[in-house]
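Novice: This is my_file24.txt, which holds compact mmCIF, C-alpha atoms and all ligand atoms:
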# COMPACT_ATOMS: atom_id res chain seq x y z
CA MET Z 295 0.00 0.00 0.00
CA LYS Z 296 1.40 3.36 -1.03
CA VAL Z 297 -0.18 6.63 0.09
CA VAL Z 298 0.59 10.17 -1.02
CA SER Z 299 -0.44 12.54 1.80
CA VAL Z 300 -0.93 16.21 1.01
CA VAL Z 301 -0.44 18.97 3.59
CA GLY Z 302 0.23 22.69 3.26
CA ALA Z 303 -1.39 24.73 6.01
CA ARG Z 304 -1.05 24.87 9.81
CA PRO Z 305 -4.08 22.75 10.77
CA GLN Z 306 -3.02 20.06 8.30
CA PHE Z 307 0.38 19.72 9.93
CA VAL Z 308 -1.37 19.14 13.25
CA LYS Z 309 -3.61 16.42 11.76
CA ALA Z 310 -0.77 14.75 9.85
CA GLY Z 311 1.20 14.95 13.08
CA ILE Z 312 -0.57 11.82 14.26
CA VAL Z 313 -1.80 10.14 11.06
CA SER Z 314 1.55 10.13 9.19
CA ARG Z 315 3.37 8.59 12.12
CA LYS Z 316 0.77 5.87 12.57
CA LEU Z 317 0.66 5.09 8.85
CA ARG Z 318 4.41 4.56 8.85
CA ASP Z 319 4.31 2.51 12.07
CA LYS Z 320 1.83 0.23 10.34
CA GLY Z 321 4.24 -0.29 7.44
CA VAL Z 322 2.33 1.80 4.90
CA LYS Z 323 4.66 3.49 2.40
CA GLU Z 324 3.82 7.16 2.82
CA ILE Z 325 5.04 9.92 0.54
CA LEU Z 326 4.46 13.27 2.24
CA VAL Z 327 3.89 16.33 0.04
CA HIS Z 328 4.04 19.87 1.51
CA THR Z 329 2.52 22.35 -0.94
CA GLY Z 330 4.21 25.34 0.72
CA GLN Z 331 0.90 27.19 1.27
CA HIS Z 332 2.21 28.10 4.75
CA TYR Z 333 5.95 28.73 4.87
CA ASP Z 334 6.92 31.01 7.80
CA PHE Z 335 8.86 29.13 10.49
CA ASN Z 336 6.08 29.50 13.06
CA MET Z 337 3.36 28.57 10.54
CA SER Z 338 5.12 25.42 9.29
CA ASN Z 339 8.54 24.14 10.52
CA VAL Z 340 7.67 24.45 14.19
CA PHE Z 341 4.88 21.89 13.77
CA PHE Z 342 7.13 19.41 11.96
CA ARG Z 343 9.68 19.70 14.74
CA GLU Z 344 7.32 19.49 17.72
CA LEU Z 345 5.06 16.78 16.37
CA ARG Z 346 7.97 14.87 14.82
CA ILE Z 347 6.36 14.83 11.41
CA PRO Z 348 8.69 13.21 8.87
CA ASN Z 349 10.39 15.64 6.47
CA PRO Z 350 8.28 16.10 3.36
CA ASP Z 351 9.37 13.97 0.41
CA TYR Z 352 8.27 16.80 -1.86
CA TYR Z 353 8.17 20.51 -1.02
CA LEU Z 354 6.26 22.31 -3.78
CA GLY Z 355 7.04 25.83 -2.56
CA ILE Z 356 3.82 27.35 -3.92
CA GLY Z 357 3.48 30.13 -1.33
CA SER Z 358 0.72 32.74 -1.18
CA GLY Z 359 -1.48 34.10 -3.95
CA MET Z 360 -5.01 34.58 -5.22
CA HIS Z 361 -7.14 31.43 -4.97
CA GLY Z 362 -7.01 30.52 -8.67
CA GLU Z 363 -3.30 31.16 -8.94
CA GLN Z 364 -2.41 29.32 -5.75
CA THR Z 365 -4.68 26.33 -6.39
CA GLY Z 366 -3.69 26.18 -10.06
CA LYS Z 367 0.04 26.10 -9.31
CA MET Z 368 -0.53 23.38 -6.72
CA LEU Z 369 -2.55 21.36 -9.22
CA ILE Z 370 0.23 21.46 -11.80
CA GLU Z 371 2.87 20.36 -9.30
CA MET Z 372 0.68 17.76 -7.56
CA GLU Z 373 -0.06 16.08 -10.87
CA LYS Z 374 3.68 15.61 -11.51
CA VAL Z 375 4.18 14.04 -8.08
CA LEU Z 376 1.23 11.68 -8.50
CA VAL Z 377 2.31 10.60 -11.98
CA GLU Z 378 5.79 9.88 -10.62
CA GLU Z 379 4.71 8.12 -7.42
CA LYS Z 380 1.61 6.24 -8.67
CA PRO Z 381 0.10 5.82 -5.16
CA ASP Z 382 -2.83 3.56 -4.31
CA ILE Z 383 -4.49 6.40 -2.39
CA ALA Z 384 -4.14 10.19 -2.09
CA LEU Z 385 -4.84 11.35 1.46
CA VAL Z 386 -6.03 14.92 1.99
CA TYR Z 387 -7.04 16.82 5.13
CA GLY Z 388 -9.60 19.49 5.91
CA ASP Z 389 -10.66 22.31 3.64
CA THR Z 390 -7.78 24.44 2.38
CA ASN Z 391 -6.66 25.13 -1.16
CA SER Z 392 -4.00 22.42 -0.65
CA THR Z 393 -6.82 19.95 0.09
CA LEU Z 394 -8.70 20.75 -3.09
CA ALA Z 395 -5.60 20.76 -5.30
CA GLY Z 396 -4.46 17.37 -3.96
CA ALA Z 397 -7.91 15.84 -4.36
CA LEU Z 398 -8.52 17.23 -7.84
CA ALA Z 399 -5.13 16.22 -9.22
CA ALA Z 400 -5.57 12.68 -7.86
CA SER Z 401 -9.15 12.16 -8.99
CA LYS Z 402 -8.34 13.19 -12.57
CA LEU Z 403 -5.63 10.53 -12.57
CA HIS Z 404 -8.15 7.98 -11.19
CA ILE Z 405 -6.27 7.71 -7.92
CA PRO Z 406 -8.77 7.15 -5.06
CA VAL Z 407 -8.96 10.13 -2.72
CA ALA Z 408 -9.34 9.69 1.05
CA HIS Z 409 -10.58 12.81 2.85
CA VAL Z 410 -9.96 13.33 6.55
CA GLU Z 411 -12.58 15.67 8.05
CA ALA Z 412 -15.23 14.91 5.41
CA GLY Z 413 -18.80 16.16 5.67
CA LEU Z 414 -18.17 19.49 7.42
CA ARG Z 415 -20.48 22.25 6.23
CA SER Z 416 -21.04 25.87 7.21
CA TYR Z 417 -23.60 26.27 4.38
CA ASN Z 418 -21.95 29.57 3.55
CA ARG Z 419 -20.68 29.32 -0.02
CA LYS Z 420 -18.90 32.65 0.29
CA MET Z 421 -16.26 30.93 2.43
CA PRO Z 422 -13.44 29.58 0.28
CA GLU Z 423 -13.23 26.62 2.66
CA GLU Z 424 -16.85 25.64 2.00
CA ILE Z 425 -16.18 25.34 -1.74
CA ASN Z 426 -13.07 23.27 -1.01
CA ARG Z 427 -15.01 20.94 1.33
CA VAL Z 428 -17.95 20.35 -0.97
CA LEU Z 429 -15.79 19.70 -4.04
CA THR Z 430 -13.34 17.47 -2.18
CA ASP Z 431 -16.10 15.36 -0.65
CA HIS Z 432 -17.74 14.85 -4.03
CA ILE Z 433 -14.54 13.50 -5.62
CA SER Z 434 -13.46 11.38 -2.64
CA GLU Z 435 -13.91 7.63 -2.48
CA ILE Z 436 -13.09 7.27 1.20
CA LEU Z 437 -14.67 9.86 3.49
CA PHE Z 438 -13.53 10.00 7.11
CA ALA Z 439 -16.32 11.88 8.87
CA PRO Z 440 -15.55 13.08 12.40
CA THR Z 441 -19.12 13.33 13.74
CA ASP Z 442 -22.73 12.23 13.25
CA VAL Z 443 -23.53 15.71 11.90
CA ALA Z 444 -20.87 15.27 9.21
CA VAL Z 445 -22.29 11.88 8.19
CA GLU Z 446 -25.77 13.43 7.94
CA ASN Z 447 -24.47 16.35 5.86
CA LEU Z 448 -22.95 13.91 3.37
CA LYS Z 449 -26.17 11.91 3.23
CA LYS Z 450 -28.10 15.09 2.33
CA GLU Z 451 -25.82 15.44 -0.69
CA GLY Z 452 -26.32 11.80 -1.67
CA ILE Z 453 -22.94 10.60 -0.42
CA THR Z 454 -23.28 7.39 1.59
CA LYS Z 455 -20.74 5.04 -0.01
CA GLY Z 456 -17.25 5.01 1.45
CA VAL Z 457 -18.27 7.09 4.49
CA TYR Z 458 -16.66 6.10 7.81
CA LYS Z 459 -17.46 7.87 11.04
CA VAL Z 460 -14.12 7.63 12.81
CA GLY Z 461 -14.03 10.58 15.23
CA ASP Z 462 -11.68 13.54 15.04
CA VAL Z 463 -7.93 13.18 14.61
CA MET Z 464 -7.45 16.58 16.26
CA PHE Z 465 -8.80 15.06 19.46
CA ASP Z 466 -6.21 12.27 19.22
CA VAL Z 467 -3.37 14.78 18.82
CA ALA Z 468 -4.66 17.05 21.57
CA LEU Z 469 -4.89 14.15 24.03
CA GLU Z 470 -1.38 13.04 23.23
CA VAL Z 471 0.18 16.49 23.46
CA ALA Z 472 -1.79 17.63 26.53
CA GLY Z 473 0.00 14.95 28.54
CA LYS Z 474 3.44 16.23 27.52
CA VAL Z 475 3.22 20.02 27.73
CA ASN Z 476 4.78 21.97 30.57
CA GLU Z 477 1.86 24.34 31.08
CA LYS Z 478 3.47 26.35 33.88
CA LYS Z 479 6.49 27.10 31.73
CA VAL Z 480 4.33 28.38 28.87
CA LEU Z 481 2.18 30.55 31.17
CA ASN Z 482 5.27 31.99 32.86
CA LYS Z 483 6.85 32.74 29.48
CA TYR Z 484 3.87 34.89 28.54
CA GLY Z 485 3.13 36.29 32.01
CA LEU Z 486 -0.29 34.62 32.24
CA LYS Z 487 -2.19 32.97 35.09
CA PRO Z 488 -4.59 30.00 34.82
CA GLU Z 489 -8.23 31.02 34.17
CA LYS Z 490 -7.27 34.70 34.25
CA PHE Z 491 -7.06 35.47 30.55
CA ILE Z 492 -8.87 35.26 27.23
CA LEU Z 493 -7.05 33.64 24.30
CA VAL Z 494 -7.76 35.14 20.87
CA THR Z 495 -7.19 33.89 17.30
CA ILE Z 496 -8.65 35.53 14.19
CA HIS Z 497 -7.68 34.71 10.61
CA ARG Z 498 -10.71 33.96 8.39
CA ALA Z 499 -10.71 35.79 5.09
CA GLU Z 500 -14.16 37.26 5.84
CA ASN Z 501 -12.96 38.58 9.24
CA THR Z 502 -9.76 40.15 7.99
CA VAL Z 503 -11.37 42.95 6.04
CA GLU Z 504 -11.36 46.41 7.61
CA GLU Z 505 -14.96 46.93 8.68
CA THR Z 506 -15.43 43.44 10.06
CA PHE Z 507 -12.10 43.25 11.82
CA LEU Z 508 -12.70 46.62 13.49
CA GLN Z 509 -15.85 45.23 15.14
CA ILE Z 510 -13.77 42.46 16.67
CA TRP Z 511 -10.86 44.79 17.53
CA LYS Z 512 -13.19 47.15 19.41
CA ALA Z 513 -14.54 44.25 21.48
CA LEU Z 514 -11.00 43.12 22.38
CA ASN Z 515 -10.08 46.62 23.54
CA LYS Z 516 -13.30 47.03 25.49
CA LEU Z 517 -12.63 43.77 27.36
CA ALA Z 518 -8.99 44.78 27.98
CA LYS Z 519 -10.08 48.14 29.40
CA LEU Z 520 -12.42 46.26 31.75
CA GLY Z 521 -9.32 44.69 33.29
CA ILE Z 522 -9.32 41.33 31.50
CA LYS Z 523 -6.01 40.12 30.08
CA LEU Z 524 -6.20 39.08 26.43
CA PHE Z 525 -3.48 37.09 24.67
CA PHE Z 526 -3.63 37.21 20.86
CA PRO Z 527 -1.15 35.22 18.73
CA VAL Z 528 -1.65 36.91 15.38
CA HIS Z 529 -1.89 34.99 12.06
CA PRO Z 530 0.19 36.64 9.29
CA ARG Z 531 -2.93 37.55 7.31
CA THR Z 532 -4.31 39.40 10.34
CA LYS Z 533 -0.94 40.98 11.12
CA LYS Z 534 -0.89 42.54 7.66
CA LEU Z 535 -4.28 44.14 8.27
CA ILE Z 536 -3.38 45.39 11.76
CA GLU Z 537 -0.27 47.01 10.31
CA LYS Z 538 -2.16 48.48 7.37
CA LEU Z 539 -4.77 50.01 9.68
CA GLU Z 540 -2.02 51.11 12.11
CA LEU Z 541 -3.92 49.62 15.03
CA VAL Z 542 -2.34 49.70 18.47
CA PRO Z 543 -3.82 48.05 21.59
CA GLU Z 544 -5.62 50.63 23.74
CA SER Z 545 -4.72 48.85 27.00
CA LYS Z 546 -1.66 46.98 28.20
CA ASN Z 547 -4.01 44.08 28.95
CA LEU Z 548 -4.20 43.27 25.24
CA THR Z 549 -1.02 41.47 24.14
CA LEU Z 550 -0.34 40.70 20.48
CA THR Z 551 2.35 38.12 19.61
CA GLU Z 552 3.60 36.09 16.68
CA PRO Z 553 1.78 32.76 16.15
CA VAL Z 554 2.74 30.28 18.86
CA SER Z 555 3.72 26.63 18.52
CA TYR Z 556 1.16 23.83 18.86
CA PHE Z 557 2.48 22.75 22.27
CA GLU Z 558 2.20 26.31 23.53
CA MET Z 559 -1.24 26.64 22.01
CA VAL Z 560 -2.46 23.56 23.87
CA ALA Z 561 -1.18 25.01 27.16
CA LEU Z 562 -2.90 28.33 26.42
CA GLU Z 563 -6.21 26.72 25.41
CA LYS Z 564 -6.23 24.56 28.54
CA ASN Z 565 -5.60 27.52 30.84
CA ALA Z 566 -7.64 30.29 29.25
CA LYS Z 567 -11.00 31.10 30.83
CA VAL Z 568 -12.55 31.89 27.45
CA ILE Z 569 -11.37 31.79 23.82
CA ILE Z 570 -12.39 34.22 21.11
CA THR Z 571 -11.77 32.49 17.78
CA ASP Z 572 -12.91 32.10 14.20
CA SER Z 573 -10.65 29.06 13.76
CA GLY Z 574 -12.26 25.69 13.11
CA GLY Z 575 -9.55 23.74 14.94
CA VAL Z 576 -9.43 26.03 17.95
CA GLN Z 577 -13.22 25.81 18.47
CA LYS Z 578 -12.84 22.08 18.97
CA GLU Z 579 -9.64 22.22 20.99
CA GLY Z 580 -11.30 24.63 23.42
CA PHE Z 581 -14.03 22.04 23.90
CA PHE Z 582 -11.50 19.19 24.39
CA PHE Z 583 -10.05 21.18 27.31
CA GLY Z 584 -13.34 22.53 28.71
CA THR Z 585 -12.72 26.13 27.59
CA PRO Z 586 -15.71 27.78 25.86
CA CYS Z 587 -15.32 29.74 22.62
CA VAL Z 588 -17.01 32.94 21.52
CA ILE Z 589 -17.06 32.78 17.73
CA PRO Z 590 -17.19 36.07 15.79
CA ARG Z 591 -18.98 34.49 12.84
CA GLU Z 592 -22.59 34.06 11.73
CA GLU Z 593 -22.29 30.28 11.41
CA THR Z 594 -19.91 27.43 12.15
CA GLU Z 595 -19.27 23.99 10.75
CA TRP Z 596 -18.78 22.64 14.29
CA ILE Z 597 -22.44 23.31 15.02
CA GLU Z 598 -22.88 20.55 17.63
CA LEU Z 599 -20.85 22.62 20.11
CA VAL Z 600 -23.11 25.64 19.65
CA ASP Z 601 -26.31 23.58 19.72
CA PHE Z 602 -25.14 22.01 22.96
CA GLY Z 603 -24.65 25.48 24.42
CA PHE Z 604 -20.90 25.18 25.05
CA ASN Z 605 -19.66 27.51 22.29
CA HIS Z 606 -21.39 30.74 21.31
CA LEU Z 607 -21.87 32.41 17.92
CA ALA Z 608 -21.50 36.16 18.35
CA GLY Z 609 -21.63 37.33 14.74
CA VAL Z 610 -19.22 40.14 14.03
CA ASN Z 611 -20.84 42.44 16.52
CA THR Z 612 -18.75 44.31 19.09
CA GLU Z 613 -21.45 44.36 21.77
CA LYS Z 614 -22.36 40.68 21.37
CA ILE Z 615 -18.71 39.57 21.53
CA PHE Z 616 -18.16 41.76 24.59
CA GLU Z 617 -21.28 40.60 26.45
CA LEU Z 618 -20.67 36.91 25.84
CA CYS Z 619 -17.04 37.14 26.94
CA GLU Z 620 -17.84 39.21 30.00
CA GLY Z 621 -20.59 36.75 31.01
CA LEU Z 622 -18.41 33.68 30.54
CA PHE Z 623 -15.40 35.30 32.21
CA PHE Z 624 -17.15 36.55 35.34
CA GLY Z 625 -19.72 33.74 35.70
CA GLY Z 626 -22.89 35.47 34.47
CA ILE Z 627 -23.09 32.80 31.76
CA GLU Z 628 -22.62 29.24 32.94
CA ILE Z 629 -19.82 27.17 31.44
CA GLN Z 630 -21.15 23.69 30.85
CA LYS Z 631 -19.49 20.67 32.40
CA ASN Z 632 -20.13 16.94 31.72
CA LEU Z 633 -19.52 17.31 28.03
CA PRO Z 634 -20.55 14.63 25.52
CA LYS Z 635 -17.91 12.82 23.47
CA PHE Z 636 -18.79 14.39 20.14
CA TYR Z 637 -15.38 13.64 18.64
CA GLY Z 638 -14.82 10.00 19.52
CA ASP Z 639 -12.48 8.44 22.04
CA GLY Z 640 -9.06 9.41 20.73
CA SER Z 641 -8.81 6.52 18.26
CA ALA Z 642 -9.75 8.29 15.01
CA SER Z 643 -6.20 8.09 13.68
CA ASP Z 644 -5.99 4.35 14.43
CA LYS Z 645 -9.28 3.77 12.62
CA ILE Z 646 -8.14 5.79 9.60
CA VAL Z 647 -4.87 3.90 9.39
CA SER Z 648 -6.55 0.52 9.66
CA ILE Z 649 -9.08 1.40 6.95
CA ILE Z 650 -6.40 2.77 4.62
CA SER Z 651 -4.08 -0.16 5.16
CA GLY Z 652 -6.86 -2.53 4.17
CA ASP Z 653 -7.74 -4.10 7.52
CA ASP Z 654 -11.23 -2.73 7.43
CA PHE Z 655 -11.90 -1.52 3.92
CA GLU Z 656 -13.73 -3.48 1.22
C1 LIG G 1 -5.62 29.06 5.04
C2 LIG G 1 -6.88 28.29 4.66
C3 LIG G 1 -7.84 28.30 5.82
C4 LIG G 1 -7.18 27.80 7.09
C5 LIG G 1 -5.90 28.57 7.36
C6 LIG G 1 -5.17 27.96 8.51
C7 LIG G 1 -7.52 28.39 2.29
C8 LIG G 1 -8.44 28.98 1.30
N1 LIG G 1 -7.56 28.91 3.53
O1 LIG G 1 -6.00 30.40 5.28
O2 LIG G 1 -8.93 27.44 5.54
O3 LIG G 1 -8.05 27.99 8.16
O4 LIG G 1 -5.05 28.49 6.20
O5 LIG G 1 -4.30 28.87 9.11
O6 LIG G 1 -6.79 27.48 1.96
N2 LIG G 1 1.02 34.24 5.05
C9 LIG G 1 2.30 34.51 5.50
N3 LIG G 1 3.07 33.44 5.87
C10 LIG G 1 2.65 32.16 5.82
C11 LIG G 1 1.35 31.91 5.35
C12 LIG G 1 0.55 32.97 4.98
O7 LIG G 1 2.74 35.65 5.55
O8 LIG G 1 3.41 31.24 6.18
C13 LIG G 1 0.16 35.40 4.69
C14 LIG G 1 0.25 35.79 3.23
O9 LIG G 1 0.15 37.17 3.16
C15 LIG G 1 -0.99 35.17 2.64
C16 LIG G 1 -1.98 35.24 3.79
O10 LIG G 1 -1.21 35.07 4.96
O11 LIG G 1 -1.46 35.85 1.51
C17 LIG G 1 -3.05 34.19 3.74
O12 LIG G 1 -2.49 32.88 3.62
P1 LIG G 1 -3.33 31.71 2.90
O13 LIG G 1 -2.63 30.42 3.07
O14 LIG G 1 -3.72 32.10 1.54
O15 LIG G 1 -4.68 31.70 3.70
P2 LIG G 1 -4.95 31.55 5.27
O16 LIG G 1 -5.66 32.77 5.73
O17 LIG G 1 -3.69 31.18 5.96
N1 LIG G 2 -2.47 26.97 16.29
C1 LIG G 2 -1.16 27.06 16.78
N2 LIG G 2 -0.64 28.31 17.03
C2 LIG G 2 -1.34 29.46 16.83
C3 LIG G 2 -2.68 29.35 16.35
C4 LIG G 2 -3.20 28.10 16.07
O1 LIG G 2 -0.50 26.05 16.98
O2 LIG G 2 -0.79 30.54 17.07
C5 LIG G 2 -3.02 25.63 16.01
C6 LIG G 2 -4.30 25.33 16.74
O3 LIG G 2 -4.04 24.85 18.04
C7 LIG G 2 -4.94 24.31 15.82
C8 LIG G 2 -4.52 24.76 14.45
O4 LIG G 2 -3.37 25.58 14.64
O5 LIG G 2 -4.43 23.02 16.06
C9 LIG G 2 -5.64 25.54 13.84
O6 LIG G 2 -5.19 26.25 12.76
P1 LIG G 2 -5.93 27.53 12.20
O7 LIG G 2 -6.70 28.18 13.26
O8 LIG G 2 -4.89 28.30 11.51
O9 LIG G 2 -6.87 26.90 11.07
P2 LIG G 2 -8.34 26.27 11.02
O10 LIG G 2 -8.43 25.21 12.05
O11 LIG G 2 -9.31 27.38 11.22
O12 LIG G 2 -8.45 25.75 9.63
Just give me the structure as structure tokens.
Specialist:
Amino acid sequence: MKVVSVVGARPQFVKAGIVSRKLRDKGVKEILVHTGQHYDFNMSNVFFRELRIPNPDYYLGIGSGMHGEQTGKMLIEMEKVLVEEKPDIALVYGDTNSTLAGALAASKLHIPVAHVEAGLRSYNRKMPEEINRVLTDHISEILFAPTDVAVENLKKEGITKGVYKVGDVMFDVALEVAGKVNEKKVLNKYGLKPEKFILVTIHRAENTVEETFLQIWKALNKLAKLGIKLFFPVHPRTKKLIEKLELVPESKNLTLTEPVSYFEMVALEKNAKVIITDSGGVQKEGFFFGTPCVIPREETEWIELVDFGFNHLAGVNTEKIFELCEGLFFGGIEIQKNLPKFYGDGSASDKIVSIISGDDFE
């Protein structure tokens, strides 16, 4: 069995961080392709180092660009790799342009595509990720759905064959890493105390335009002025906008930093009282560690967490973001305990590997 795995962006490194290792442990011949969509040290290398991901066999070096240009360049280069390697399966993760390029190149060459994190939907076709998810699912032969909701979403689109509900590989990674991180050291490094700060990440394309971002920025400053510490590792896309708008925190309680490593992120998510995020991965990780998220978006693909009442959709509305955070931080809004196991039991990666390696796949 030979698998070509395609990664390119931060959340994909995290997911491959467990799946690649287990594939290789099982004796599967894995060829790892890094498209180069993310390339800064703290957006790429740091994950390979911390999670001991094998060095990519191919680095395509595509870099940033408009969607068509970026995806098109990836498609051209991916096709060459697949023609050369002739794998039995192409394995893609999530919903980025690297996911779509890998899946499209493989399917045109009649190489079966396996999609990790299949069936996610926000039902907002303006999100580039939604287009990538829908298209990738429809050209995949093996669909690893993390949740019941994802399986149902696929069913609504007529996809029932090749669907496996396996749980979420991000849960597997988080469990593994949470046991290894020196939380105290991370908190000391950043001058933070357990349960006494809000962690912030913002990077979605729709939230990094001036008017929308300013709504979020105002809420962060309002919370900081109230005396709450906020710690905000800034994605490069967001950093560009902050610099362009010449924004400066209005209180010393709002700290902006470079993106942090995954190990540090786990420590921060575990110890924050509340998280403000538009990240898909971070919404779930907050839940894994019992930390609720306020989501400055109108909808989310991880809807089960909102329906359950653990995470909260705020829209991009300064007052709503502020009120939800204030309530969760000071106790006016209850933080739910006894959480259901929406994302499996930490064995999603084992299930994926056993299906791919043929133990459980007809
Ligand atoms: C991409 C994914 C998004 C995912 C996110 C994870 C798509 C369409 N979007 O969004 O689904 O949630 O990754 O973080 O695939 N940049 C740097 N250095 C880097 C990477 C990016 O400076 O290492 C800057 C560039 O200016 C670039 C911008 O960030 O234009 C956006 O990067 P890009 O990969 O296009 O999109 P993300 O917002 O990272
Ligand atoms: N992450 C990280 N450092 C950061 C911000 C995020 O290690 O400064 C991790 C986070 O813990 C999660 C993944 O990156 O595992 C999520 O990536 P991102 O939010 O960029 O993308 P999304 O999940 O929204 O696609």
Novice: Using all atoms listed in the file, find each residue with an atom at most 8 Å away from ligand LIG 2 (chain G) and format the answer as a PDB file with C-alpha atoms, keeping the file's coordinate frame.
Specialist:
ATOM      1  CA  ALA Z 303      -1.390  24.730   6.010  1.00  0.00           C
ATOM      2  CA  ARG Z 304      -1.050  24.870   9.810  1.00  0.00           C
ATOM      3  CA  PRO Z 305      -4.080  22.750  10.770  1.00  0.00           C
ATOM      4  CA  GLN Z 306      -3.020  20.060   8.300  1.00  0.00           C
ATOM      5  CA  VAL Z 308      -1.370  19.140  13.250  1.00  0.00           C
ATOM      6  CA  LYS Z 309      -3.610  16.420  11.760  1.00  0.00           C
ATOM      7  CA  ASN Z 336       6.080  29.500  13.060  1.00  0.00           C
ATOM      8  CA  MET Z 337       3.360  28.570  10.540  1.00  0.00           C
ATOM      9  CA  PHE Z 341       4.880  21.890  13.770  1.00  0.00           C
ATOM     10  CA  GLY Z 388      -9.600  19.490   5.910  1.00  0.00           C
ATOM     11  CA  ASP Z 389     -10.660  22.310   3.640  1.00  0.00           C
ATOM     12  CA  THR Z 390      -7.780  24.440   2.380  1.00  0.00           C
ATOM     13  CA  MET Z 464      -7.450  16.580  16.260  1.00  0.00           C
ATOM     14  CA  THR Z 495      -7.190  33.890  17.300  1.00  0.00           C
ATOM     15  CA  ILE Z 496      -8.650  35.530  14.190  1.00  0.00           C
ATOM     16  CA  HIS Z 497      -7.680  34.710  10.610  1.00  0.00           C
ATOM     17  CA  ARG Z 498     -10.710  33.960   8.390  1.00  0.00           C
ATOM     18  CA  PRO Z 527      -1.150  35.220  18.730  1.00  0.00           C
ATOM     19  CA  VAL Z 528      -1.650  36.910  15.380  1.00  0.00           C
ATOM     20  CA  HIS Z 529      -1.890  34.990  12.060  1.00  0.00           C
ATOM     21  CA  GLU Z 552       3.600  36.090  16.680  1.00  0.00           C
ATOM     22  CA  PRO Z 553       1.780  32.760  16.150  1.00  0.00           C
ATOM     23  CA  VAL Z 554       2.740  30.280  18.860  1.00  0.00           C
ATOM     24  CA  SER Z 555       3.720  26.630  18.520  1.00  0.00           C
ATOM     25  CA  TYR Z 556       1.160  23.830  18.860  1.00  0.00           C
ATOM     26  CA  PHE Z 557       2.480  22.750  22.270  1.00  0.00           C
ATOM     27  CA  GLU Z 558       2.200  26.310  23.530  1.00  0.00           C
ATOM     28  CA  MET Z 559      -1.240  26.640  22.010  1.00  0.00           C
ATOM     29  CA  VAL Z 560      -2.460  23.560  23.870  1.00  0.00           C
ATOM     30  CA  GLU Z 563      -6.210  26.720  25.410  1.00  0.00           C
ATOM     31  CA  ASP Z 572     -12.910  32.100  14.200  1.00  0.00           C
ATOM     32  CA  SER Z 573     -10.650  29.060  13.760  1.00  0.00           C
ATOM     33  CA  GLY Z 574     -12.260  25.690  13.110  1.00  0.00           C
ATOM     34  CA  GLY Z 575      -9.550  23.740  14.940  1.00  0.00           C
ATOM     35  CA  VAL Z 576      -9.430  26.030  17.950  1.00  0.00           C
ATOM     36  CA  GLU Z 579      -9.640  22.220  20.990  1.00  0.00           C
TER      37      GLU Z 579
END
Novice: Quick one: axis-aligned box around all listed atoms of range 497-516 of chain Z, 3 Å on every side, centre and edge lengths in Å to one decimal, written as AutoDock Vina command-line options.
Specialist:
--center_x -11.8 --center_y 40.6 --center_z 15.3 --size_x 14.2 --size_y 19.2 --size_z 26.4
Novice: For Lys479 in chain Z, work out the shell of residues within 12 Å, counting all atoms listed in the file and skipping chain neighbours fewer than 2 positions away, then give it as number ranges by chain.
Specialist: Z: 475-477, 481-488, 557-558, 561-562
Novice: Name all residues at most 9 Å from range 378-380 of chain Z (count all atoms listed in the file; drop same-chain ones fewer than 4 positions away) and give them as a PyMOL selection string.
Specialist: chain Z and resi 296-298+325+373-374+405
Novice: Which distance in Å separates CA of Pro586 in chain Z and CA of Val460 in chain Z, to one decimal?
Specialist: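 Distance between the two atoms: 24.1 Å.
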Novice: Need to verify the contact set: Val600 in chain Z, 10 Å, only C-alpha atoms, exclusion of same-chain residues closer than 5 positions in sequence. Can you return it as a ChimeraX atom specification?
Specialist: /Z:577,586-589,593-595,605-607
Novice: Pick from Z:His328, Z:Arg318, Z:Lys533, Z:His432: nearest to ligand LIG 1 (chain G), with only C-alpha atoms and all ligand atoms counted?
Specialist: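 For ligand LIG 1 (chain G), the nearest of the given residues is Z:Lys533.
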Novice: Please return as number ranges by chain every residue within 12 Å of (-22.1, 49.8, 22.3), taking into account all atoms listed in the file and the file's own coordinates.
Specialist: Z: 509, 512-513, 516, 611-617
Novice: Neighbours of Lys367 in chain Z within 10 Å (all atoms listed in the file; same-chain residues fewer than 3 positions away dropped), as a list of chain:residue names?
Specialist: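 Close residues of Lys367 in chain Z: Z:Thr329, Z:Leu354, Z:Gly355, Z:Ile356, Z:Gly357, Z:Gly359, Z:His361, Z:Gly362, Z:Glu363, Z:Gln364, Z:Ile370, Z:Glu371, Z:Met372, Z:Ala395.
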Novice: What's the 8 Å shell around Arg415 in chain Z, counting all atoms listed in the file, without same-chain residues fewer than 5 positions away, as a VMD selection string?
Specialist: chain Z and resid 424 427 to 428 444 447 594 to 595
Novice: Write out the residues from the selection above, keeping C-alpha atoms, as a PDB file, keeping the file's coordinate frame.
Specialist:
ATOM      1  CA  GLU Z 424     -16.850  25.640   2.000  1.00  0.00           C
ATOM      2  CA  ARG Z 427     -15.010  20.940   1.330  1.00  0.00           C
ATOM      3  CA  VAL Z 428     -17.950  20.350  -0.970  1.00  0.00           C
ATOM      4  CA  ALA Z 444     -20.870  15.270   9.210  1.00  0.00           C
ATOM      5  CA  ASN Z 447     -24.470  16.350   5.860  1.00  0.00           C
ATOM      6  CA  THR Z 594     -19.910  27.430  12.150  1.00  0.00           C
ATOM      7  CA  GLU Z 595     -19.270  23.990  10.750  1.00  0.00           C
TER       8      GLU Z 595
END
Novice: One decimal, in Å: what's the spacing between CA of Leu541 in chain Z and CA of Leu493 in chain Z?
Specialist: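 Calculated distance between CA of Leu541 in chain Z and CA of Leu493 in chain Z is 18.7 Å.
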Novice: Rounded to one decimal place, report the CA of Arg531 in chain Z-CA of Ala468 in chain Z distance in Å.
Specialist: 25.0 Å
